[in-house]
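Structure file structure-v3.csv (CSV, C-alpha atoms) follows.
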```csv
chain,number,residue,atom,x,y,z
A,160,MET,CA,0.0,0.0,0.0
A,161,ASN,CA,1.3,3.4,-1.0
A,162,LEU,CA,-0.6,5.4,1.5
A,163,ARG,CA,1.3,8.1,3.4
A,164,CYS,CA,1.0,7.9,7.2
A,165,GLY,CA,-0.8,11.0,8.5
A,166,GLU,CA,1.3,11.0,11.7
A,167,CYS,CA,4.9,10.5,10.5
A,168,GLY,CA,4.7,10.9,6.7
A,169,GLU,CA,6.3,7.5,5.9
A,170,LYS,CA,4.7,5.1,3.5
A,171,LYS,CA,5.2,1.9,5.5
A,172,PHE,CA,1.7,0.6,6.2
A,173,GLU,CA,1.6,-3.2,6.7
A,174,ALA,CA,-1.2,-5.5,7.8
A,175,ARG,CA,-1.0,-6.3,11.5
A,176,ASN,CA,-3.3,-8.0,14.1
A,177,VAL,CA,-3.8,-5.3,16.8
A,178,ARG,CA,-5.6,-7.5,19.3
A,179,GLY,CA,-4.6,-6.5,22.8
A,180,ASP,CA,-2.8,-3.4,21.5
A,181,PHE,CA,-5.6,-1.1,20.4
A,182,TYR,CA,-7.7,1.5,22.2
A,183,THR,CA,-10.1,3.8,20.6
A,184,PRO,CA,-13.1,6.0,21.4
A,185,TRP,CA,-16.2,3.9,20.5
A,186,ARG,CA,-19.8,4.9,20.7
A,187,ASP,CA,-20.2,6.4,24.2
A,188,PHE,CA,-16.9,4.8,25.4
A,189,PRO,CA,-14.1,7.4,25.8
A,190,ARG,CA,-11.8,4.5,25.3
A,191,ALA,CA,-12.7,0.9,24.4
A,192,TYR,CA,-10.1,-1.9,24.6
A,193,LEU,CA,-9.9,-4.5,21.8
A,194,THR,CA,-9.8,-8.1,23.0
A,195,LYS,CA,-10.7,-9.7,19.6
A,196,ASP,CA,-8.7,-10.3,16.5
A,197,LEU,CA,-8.6,-7.3,14.1
A,198,VAL,CA,-6.1,-6.9,11.3
A,199,LEU,CA,-5.5,-3.2,10.3
A,200,PRO,CA,-3.0,-1.4,8.2
A,201,VAL,CA,-0.4,-0.2,10.7
A,202,CYS,CA,2.5,2.1,10.0
A,203,GLY,CA,5.7,0.2,10.5
A,204,ASN,CA,7.5,3.4,11.5
A,205,CYS,CA,5.2,5.0,14.1
A,206,GLY,CA,2.4,2.5,14.9
A,207,ASN,CA,-0.4,4.7,13.6
A,208,TYR,CA,-3.2,2.9,11.8
A,209,ALA,CA,-5.2,3.8,8.7
A,210,ILE,CA,-8.7,3.3,7.4
A,211,VAL,CA,-8.6,2.7,3.7
A,212,ASP,CA,-11.5,0.4,2.9
A,213,ASP,CA,-13.9,-1.5,5.3
A,214,GLU,CA,-11.7,-1.1,8.4
A,215,ALA,CA,-14.2,1.2,10.2
A,216,GLU,CA,-16.9,-1.4,9.9
A,217,ARG,CA,-14.5,-4.1,11.1
A,218,ILE,CA,-13.4,-1.9,14.0
A,219,ASP,CA,-17.0,-1.4,15.0
A,220,LEU,CA,-17.8,-5.2,14.9
A,221,ALA,CA,-14.6,-6.1,16.8
A,222,MET,CA,-15.1,-3.4,19.4
A,223,GLU,CA,-18.7,-4.5,19.9
A,224,ALA,CA,-17.7,-8.2,20.3
A,225,SER,CA,-14.9,-7.1,22.7
A,226,VAL,CA,-17.1,-5.0,24.9
A,227,ARG,CA,-19.8,-7.7,25.0
A,228,ASP,CA,-17.3,-10.3,25.9
A,229,GLN,CA,-15.7,-8.1,28.7
A,230,ALA,CA,-19.2,-7.3,30.2
A,231,SER,CA,-20.0,-11.0,30.2
A,232,GLN,CA,-16.7,-11.8,31.9
A,233,PHE,CA,-17.3,-9.1,34.5
A,234,ILE,CA,-20.8,-10.5,35.3
A,235,ASP,CA,-19.3,-14.0,35.8
A,236,ILE,CA,-16.7,-12.7,38.1
A,237,ILE,CA,-19.1,-10.7,40.2
A,238,LYS,CA,-21.6,-13.6,40.5
A,239,SER,CA,-18.8,-15.9,41.5
A,240,LYS,CA,-17.0,-13.5,43.9
A,241,ALA,CA,-20.2,-12.1,45.6
A,242,ASN,CA,-22.1,-15.3,45.5
A,243,ILE,CA,-25.3,-13.7,44.4
A,244,ASN,CA,-27.8,-14.7,41.8
A,245,ALA,CA,-28.6,-12.8,38.6
A,246,VAL,CA,-31.9,-11.4,39.9
A,247,LYS,CA,-30.2,-9.9,43.0
A,248,LEU,CA,-27.3,-8.6,40.9
A,249,ALA,CA,-29.7,-7.0,38.4
A,250,SER,CA,-31.5,-5.3,41.3
A,251,LEU,CA,-28.3,-3.9,42.7
A,252,LEU,CA,-27.2,-2.7,39.4
A,253,GLY,CA,-30.5,-1.1,38.6
A,254,VAL,CA,-31.2,-3.1,35.5
A,255,THR,CA,-33.8,-5.7,34.7
A,256,PRO,CA,-32.8,-9.4,35.0
A,257,GLU,CA,-33.7,-9.8,31.3
A,258,TYR,CA,-31.2,-7.1,30.3
A,259,LEU,CA,-28.5,-8.6,32.6
A,260,SER,CA,-29.1,-12.0,31.0
A,261,MET,CA,-28.7,-10.6,27.6
A,262,LEU,CA,-25.4,-9.0,28.7
A,263,SER,CA,-24.3,-12.2,30.3
A,264,ASN,CA,-25.0,-14.1,27.0
A,265,GLN,CA,-23.4,-11.4,24.9
A,266,LYS,CA,-26.7,-10.7,23.2
A,267,ASN,CA,-26.7,-7.0,23.9
A,268,THR,CA,-24.1,-4.3,24.2
A,269,PRO,CA,-23.8,-2.4,27.5
A,270,SER,CA,-23.6,1.4,27.7
A,271,TYR,CA,-20.3,2.8,29.0
A,272,ARG,CA,-22.0,3.5,32.3
A,273,ILE,CA,-23.1,-0.1,32.8
A,274,TRP,CA,-19.8,-1.5,31.4
A,275,ASN,CA,-17.8,0.7,33.8
A,276,MET,CA,-19.9,-0.2,36.8
A,277,LEU,CA,-19.5,-3.9,36.0
A,278,LYS,CA,-15.8,-3.5,35.6
A,279,LEU,CA,-15.4,-1.6,38.9
A,280,VAL,CA,-17.6,-4.0,40.8
A,281,SER,CA,-15.9,-7.1,39.4
A,282,THR,CA,-12.7,-6.0,41.1
A,283,ASP,CA,-14.5,-5.7,44.5
A,284,PRO,CA,-18.1,-7.0,44.5
A,285,LYS,CA,-18.6,-5.9,48.1
A,286,LYS,CA,-18.6,-2.3,46.9
A,287,LEU,CA,-21.9,-3.0,45.1
A,288,THR,CA,-23.8,-3.8,48.2
A,289,LEU,CA,-22.0,-1.2,50.4
A,290,GLU,CA,-22.7,1.8,48.2
A,291,LEU,CA,-26.4,0.9,47.9
A,292,ASP,CA,-26.9,0.3,51.6
A,293,PRO,CA,-29.0,3.1,53.0
A,294,ASN,CA,-27.3,2.6,56.4
A,295,TRP,CA,-23.9,3.2,54.9
A,296,ASP,CA,-22.5,6.3,56.5
A,297,ILE,CA,-20.3,7.7,53.7
A,298,ARG,CA,-19.3,10.8,55.8
A,299,LYS,CA,-18.2,8.5,58.7
A,300,GLU,CA,-16.1,6.3,56.3
A,301,ASN,CA,-14.5,9.4,54.8
A,302,LEU,CA,-13.5,10.6,58.2
A,303,LEU,CA,-12.1,7.2,59.2
A,304,LEU,CA,-10.1,7.2,56.0
A,305,ARG,CA,-8.6,10.6,56.8
A,306,ALA,CA,-7.8,9.6,60.4
B,79,MET,CA,1.9,30.1,-0.3
B,80,SER,CA,-0.6,30.5,2.5
B,81,ARG,CA,-3.0,33.0,0.9
B,82,GLN,CA,-3.4,31.2,-2.5
B,83,GLY,CA,-6.7,29.5,-3.3
B,84,PRO,CA,-7.1,25.7,-2.7
B,85,LYS,CA,-4.8,23.4,-4.7
B,86,PHE,CA,-7.5,20.8,-5.2
B,87,ASN,CA,-10.8,21.5,-7.0
B,88,LEU,CA,-13.7,21.2,-4.6
B,89,THR,CA,-15.7,19.6,-7.4
B,90,ASP,CA,-13.2,16.7,-7.4
B,91,VAL,CA,-13.2,16.4,-3.6
B,92,LYS,CA,-17.0,16.3,-3.5
B,93,ARG,CA,-17.2,13.7,-6.3
B,94,LEU,CA,-14.9,11.5,-4.3
B,95,ALA,CA,-16.8,12.1,-1.1
B,96,GLN,CA,-20.1,11.2,-2.9
B,97,ASP,CA,-18.4,8.1,-4.2
B,98,TYR,CA,-17.5,7.2,-0.6
B,99,LEU,CA,-21.1,7.7,0.5
B,100,ASP,CA,-22.4,5.6,-2.4
B,101,GLY,CA,-20.0,2.8,-1.7
B,102,LYS,CA,-18.2,3.3,-5.0
B,103,LYS,CA,-14.6,2.2,-4.7
B,104,ALA,CA,-11.5,3.7,-6.3
B,105,SER,CA,-9.9,1.7,-9.1
B,106,ASP,CA,-7.7,-0.3,-6.7
B,107,GLY,CA,-10.8,-1.6,-4.9
B,108,ARG,CA,-10.3,0.5,-1.8
B,109,GLY,CA,-12.2,3.5,-0.5
B,110,SER,CA,-12.3,6.9,-2.3
B,111,ILE,CA,-11.5,8.6,1.1
B,112,ARG,CA,-8.6,7.2,3.1
B,113,PHE,CA,-8.1,8.1,6.7
B,114,ASN,CA,-4.4,8.0,7.3
B,115,ALA,CA,-4.5,9.6,10.8
B,116,PRO,CA,-7.8,8.4,12.4
B,117,THR,CA,-6.8,9.9,15.8
B,118,ARG,CA,-7.2,13.3,14.1
B,119,SER,CA,-10.3,12.5,12.2
B,120,THR,CA,-12.5,9.4,12.7
B,121,GLU,CA,-11.7,9.0,16.4
B,122,VAL,CA,-12.3,12.6,17.2
B,123,VAL,CA,-15.7,12.5,15.5
B,124,VAL,CA,-16.6,9.4,17.4
B,125,LYS,CA,-15.6,11.1,20.7
B,126,VAL,CA,-17.5,14.3,19.9
B,127,LEU,CA,-20.6,12.8,18.5
B,128,PHE,CA,-20.7,9.5,20.3
B,129,CYS,CA,-21.1,7.4,17.2
B,130,ARG,CA,-19.6,4.3,15.5
B,131,PRO,CA,-16.4,4.7,13.5
B,132,ASP,CA,-18.2,3.9,10.2
B,133,ILE,CA,-20.8,6.5,10.9
B,134,ALA,CA,-18.1,9.0,11.8
B,135,ASN,CA,-16.4,8.5,8.4
B,136,ARG,CA,-19.7,9.0,6.7
B,137,LEU,CA,-20.2,12.2,8.6
B,138,ILE,CA,-16.7,13.3,7.5
B,139,ALA,CA,-17.7,12.6,3.9
B,140,ILE,CA,-20.9,14.6,4.3
B,141,GLY,CA,-18.8,17.4,5.9
B,142,LEU,CA,-16.6,17.4,2.7
B,143,LEU,CA,-19.7,17.7,0.6
B,144,ALA,CA,-20.7,20.8,2.6
B,145,LEU,CA,-17.4,22.6,1.9
B,146,GLU,CA,-17.6,25.8,-0.1
B,147,ALA,CA,-14.9,28.1,-1.5
B,148,LYS,CA,-15.5,30.6,1.3
B,149,ASP,CA,-14.5,28.0,3.8
B,150,PHE,CA,-10.9,27.8,2.5
B,151,PHE,CA,-8.3,28.7,5.0
B,152,SER,CA,-4.8,28.0,3.6
B,153,ARG,CA,-2.5,25.6,1.8
B,154,LYS,CA,0.0,23.8,3.9
B,155,MET,CA,3.2,22.1,2.8
B,156,GLN,CA,3.8,18.9,4.7
B,157,TRP,CA,6.1,15.9,3.8
B,158,ASN,CA,6.7,17.6,0.4
B,159,GLU,CA,3.0,17.5,-0.4
B,160,VAL,CA,0.5,20.4,-0.6
B,161,TYR,CA,-2.6,20.0,1.6
B,162,ASP,CA,-5.6,22.2,1.6
B,163,GLU,CA,-6.9,23.5,5.0
B,164,PHE,CA,-10.5,24.5,5.5
B,165,GLY,CA,-12.7,25.8,8.4
B,166,LEU,CA,-16.2,24.4,8.3
B,167,GLU,CA,-18.6,26.4,10.3
B,168,ASP,CA,-21.5,25.0,12.4
B,169,TYR,CA,-21.5,21.4,11.2
B,170,GLU,CA,-23.1,19.0,13.6
B,171,GLY,CA,-23.0,21.8,16.2
B,172,HIS,CA,-19.3,22.6,15.9
B,173,ASN,CA,-16.7,24.5,13.9
B,174,TRP,CA,-14.2,22.1,12.3
B,175,TYR,CA,-10.7,22.1,11.0
B,176,ILE,CA,-10.2,20.0,7.9
B,177,LYS,CA,-7.0,19.1,6.1
B,178,TYR,CA,-6.7,16.9,3.0
B,179,CYS,CA,-5.2,16.3,-0.3
B,180,ILE,CA,-6.2,14.4,-3.4
B,181,VAL,CA,-3.8,11.6,-4.4
B,182,SER,CA,-3.6,10.3,-7.9
B,183,ASP,CA,-1.5,7.2,-7.8
B,184,ASP,CA,-1.2,4.9,-10.9
B,185,GLY,CA,-4.7,5.9,-12.0
B,186,THR,CA,-6.2,5.5,-8.5
B,187,GLU,CA,-7.6,8.7,-7.2
B,188,TYR,CA,-8.6,9.3,-3.6
B,189,VAL,CA,-8.9,11.9,-0.9
B,190,GLU,CA,-6.2,11.5,1.7
B,191,GLU,CA,-8.0,12.8,4.8
B,192,VAL,CA,-5.5,13.8,7.4
B,193,SER,CA,-7.6,16.0,9.7
B,194,PHE,CA,-11.3,16.5,10.5
B,195,HIS,CA,-11.8,17.7,14.1
B,196,PRO,CA,-13.3,20.6,16.0
B,197,LEU,CA,-11.2,23.7,15.9
B,198,GLU,CA,-8.5,23.7,18.6
B,199,LYS,CA,-7.9,27.5,18.2
B,200,GLU,CA,-9.7,30.4,16.6
B,201,MET,CA,-9.4,30.5,12.8
B,202,VAL,CA,-9.6,33.6,10.8
B,203,LEU,CA,-10.4,32.8,7.2
B,204,PRO,CA,-9.0,34.9,4.3
B,205,ASN,CA,-12.4,36.4,3.8
B,206,GLY,CA,-12.2,37.9,7.3
B,207,LYS,CA,-14.7,35.5,8.9
B,208,THR,CA,-13.6,34.3,12.3
B,209,LEU,CA,-14.5,30.8,13.4
B,210,ARG,CA,-14.4,30.3,17.2
B,211,VAL,CA,-13.6,27.2,19.2
B,212,THR,CA,-16.8,25.3,19.9
B,213,TYR,CA,-15.5,22.2,21.6
B,214,ASP,CA,-13.9,21.9,24.9
B,215,PRO,CA,-12.0,18.6,25.3
B,216,SER,CA,-12.2,18.9,29.1
B,217,ASP,CA,-15.9,18.2,28.7
B,218,GLU,CA,-15.1,14.6,27.5
B,219,LYS,CA,-16.1,11.7,29.7
B,220,GLY,CA,-13.7,9.4,31.3
```
How does the structure come out when it is put into structure tokens?
Amino acid sequence: MNLRCGECGEKKFEARNVRGDFYTPWRDFPRAYLTKDLVLPVCGNCGNYAIVDDEAERIDLAMEASVRDQASQFIDIIKSKANINAVKLASLLGVTPEYLSMLSNQKNTPSYRIWNMLKLVSTDPKKLTLELDPNWDIRKENLLLRA
Amino acid sequence: MSRQGPKFNLTDVKRLAQDYLDGKKASDGRGSIRFNAPTRSTEVVVKVLFCRPDIANRLIAIGLLALEAKDFFSRKMQWNEVYDEFGLEDYEGHNWYIKYCIVSDDGTEYVEEVSFHPLEKEMVLPNGKTLRVTYDPSDEKG
């Protein structure tokens, strides 16, 4: 390909699988992370990529599959770590069990808000119940943290 | 060279942009607009308008169709190539900076789209029109 790189000016684009090495804004995600295979023209000099044909459509499909897969993994982790069922988890997240089931089965794509909540909660599922507990004294916890 | 008119005929740019929207490929089978710096074009449109990358590129093509001679800003020499710079006013709620050239390579003609993003600083067009900055990156989520 004779295309000039718009970042460095070199003409060194080559096909490369960018799985695990590609972030991009996508829909309402400020930055989505690619965890599926995707071959793009990548500049051999600076690492910039190019869109010359159907890459935009392929990026969209790969990103959608990545985000769905990640959300599904987060749900598995939360259910396993917190030992709660799907109905309880849906209630705590503020979504319907049907919607959560679709996310779990990768049949729907979460918004950034839901994806991000799942991601954060999957690292510490206790947070989910704590933050929604009406008896949780956030002011007291803050004071204790500062002490 | 900065105050000459555009190097590339707007009619040709719009023809290639329309080909892109119609799904008509260049003679080498690839797109009639090629985004060689998506972080300055596709990705910014996605970020500003919360859309898919393919929709962003279609919006860029439609933006090119909206260009008029009065929107021309300057020519710019970069990597021994001349690029045309434009300021597009009030497109999808923002004022945009656009930079491109037309490449004719072994009979294959396409728009090399380097930049299409909201203005990062005020732009004064040769006709005296001032385009203000309409997008604040600090408003971005995340």
d(atom CA of Glu169 of chain A, atom CA of Asn204 of chain A) in Å:
7.0 Å
Long-range neighbours of Met160 of chain A as a ChimeraX atom specification, 8 Å cut-off, only C-alpha atoms, 2 positions minimum in chain
/A:162,170-173
Could you give me, as a PyMOL selection string, the residues that have an atom at most 12 Å away from the point (-14.9, 27.4, 10.1) in the coordinates of the file, using all atoms listed in the file?
chain B and resi 141+144-151+163-169+171-176+194-212
Show me, as a ChimeraX atom specification, the residues of chain B whose atoms get within 9 Å of chain A, using only C-alpha atoms for the distance check.
/B:103,107-118,120-122,124-125,127-135,156-157,183,190-193,218-220
Please provide the set of residues having any atom within 12 Å of segment 246-259 of chain A, restricted to all atoms listed in the file, with same-chain residues fewer than 5 positions apart removed, written as a PyMOL selection string.
chain A and resi 227+230-231+233-241+264-270+272-277+279-281+284-292
Pairwise distance for atom CA of Ser216 of chain B and atom CA of Asn301 of chain A, rounded to one decimal in Å
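Between these atoms lies a distance of 27.5 Å.
One distance worth recording is that between atom CA of Arg93 of chain B and atom CA of Asn158 of chain B, which is 25.1 Å.
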From the list A:Val226, A:Ala174, A:Leu303, A:Ala191, which residue is nearest Gly203 of chain A when using only C-alpha atoms?
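The answer is A:Ala174, which sits nearest to Gly203 of chain A.
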Any idea what's packed within 8 Å of Leu142 of chain B, counting all atoms listed in the file, ignoring anything in its chain fewer than 4 positions away? Could you give it as a PDB file with C-alpha atoms, in the frame of the given file?
```pdb
ATOM      1  CA  VAL B  91     -13.200  16.400  -3.600  1.00  0.00           C
ATOM      2  CA  LYS B  92     -17.000  16.300  -3.500  1.00  0.00           C
ATOM      3  CA  ALA B  95     -16.800  12.100  -1.100  1.00  0.00           C
ATOM      4  CA  ILE B 138     -16.700  13.300   7.500  1.00  0.00           C
TER       5      ILE B 138
END
```
Tell me, as number ranges by chain, which residues lie within 7 Å of Leu99 of chain B, counting all atoms listed in the file; anything in the same chain fewer than 2 positions away does not count.
B: 95-97, 101, 136, 139
Can segment 190-218 of chain B be brought up to N, CA and C atoms and written out as a compact mmCIF listing (two decimals), keeping the file's coordinate frame?
```txt
# COMPACT_ATOMS: atom_id res chain seq x y z
N GLU B 190 -6.96 11.89 0.57
CA GLU B 190 -6.20 11.50 1.70
C GLU B 190 -6.61 12.44 2.86
N GLU B 191 -7.44 11.94 3.75
CA GLU B 191 -8.00 12.80 4.80
C GLU B 191 -7.14 12.72 6.03
N VAL B 192 -6.44 13.79 6.28
CA VAL B 192 -5.50 13.80 7.40
C VAL B 192 -6.20 14.30 8.67
N SER B 193 -6.97 15.38 8.55
CA SER B 193 -7.60 16.00 9.70
C SER B 193 -9.05 16.32 9.51
N PHE B 194 -9.86 16.03 10.48
CA PHE B 194 -11.30 16.50 10.50
C PHE B 194 -11.64 16.47 11.99
N HIS B 195 -11.47 17.62 12.63
CA HIS B 195 -11.80 17.70 14.10
C HIS B 195 -12.22 19.08 14.45
N PRO B 196 -12.89 19.23 15.57
CA PRO B 196 -13.30 20.60 16.00
C PRO B 196 -12.08 21.49 16.12
N LEU B 197 -12.29 22.74 15.81
CA LEU B 197 -11.20 23.70 15.90
C LEU B 197 -10.57 23.68 17.28
N GLU B 198 -9.22 23.69 17.30
CA GLU B 198 -8.50 23.70 18.60
C GLU B 198 -8.12 25.14 18.95
N LYS B 199 -8.14 26.03 17.95
CA LYS B 199 -7.90 27.50 18.20
C LYS B 199 -8.70 28.26 17.18
N GLU B 200 -8.91 29.50 17.51
CA GLU B 200 -9.70 30.40 16.60
C GLU B 200 -9.08 30.42 15.24
N MET B 201 -9.92 30.42 14.21
CA MET B 201 -9.40 30.50 12.80
C MET B 201 -10.00 31.68 12.11
N VAL B 202 -9.11 32.49 11.55
CA VAL B 202 -9.60 33.60 10.80
C VAL B 202 -9.38 33.30 9.29
N LEU B 203 -10.49 33.18 8.58
CA LEU B 203 -10.40 32.80 7.20
C LEU B 203 -9.97 34.02 6.33
N PRO B 204 -9.43 33.78 5.14
CA PRO B 204 -9.00 34.90 4.30
C PRO B 204 -10.06 35.92 4.02
N ASN B 205 -11.33 35.50 4.05
CA ASN B 205 -12.40 36.40 3.80
C ASN B 205 -12.78 37.28 5.02
N GLY B 206 -12.01 37.11 6.10
CA GLY B 206 -12.20 37.90 7.30
C GLY B 206 -13.12 37.24 8.34
N LYS B 207 -13.76 36.17 7.95
CA LYS B 207 -14.70 35.50 8.90
C LYS B 207 -13.84 34.79 9.98
N THR B 208 -14.29 34.94 11.20
CA THR B 208 -13.60 34.30 12.30
C THR B 208 -14.43 33.12 12.83
N LEU B 209 -13.80 31.98 12.88
CA LEU B 209 -14.50 30.80 13.40
C LEU B 209 -13.93 30.56 14.84
N ARG B 210 -14.84 30.49 15.79
CA ARG B 210 -14.40 30.30 17.20
C ARG B 210 -14.34 28.85 17.55
N VAL B 211 -13.66 28.58 18.64
CA VAL B 211 -13.60 27.20 19.20
C VAL B 211 -14.91 26.87 19.80
N THR B 212 -15.47 25.73 19.43
CA THR B 212 -16.80 25.30 19.90
C THR B 212 -16.77 24.10 20.78
N TYR B 213 -15.61 23.44 20.83
CA TYR B 213 -15.50 22.20 21.60
C TYR B 213 -14.47 22.22 22.61
N ASP B 214 -14.83 21.86 23.83
CA ASP B 214 -13.90 21.90 24.90
C ASP B 214 -13.56 20.41 25.30
N PRO B 215 -12.35 19.96 24.99
CA PRO B 215 -12.00 18.60 25.30
C PRO B 215 -12.15 18.20 26.75
N SER B 216 -12.10 19.20 27.63
CA SER B 216 -12.20 18.90 29.10
C SER B 216 -13.64 18.46 29.41
N ASP B 217 -14.58 18.64 28.47
CA ASP B 217 -15.90 18.20 28.70
C ASP B 217 -16.06 16.66 28.44
N GLU B 218 -14.99 16.05 27.89
CA GLU B 218 -15.10 14.60 27.50
C GLU B 218 -15.26 13.80 28.78
```
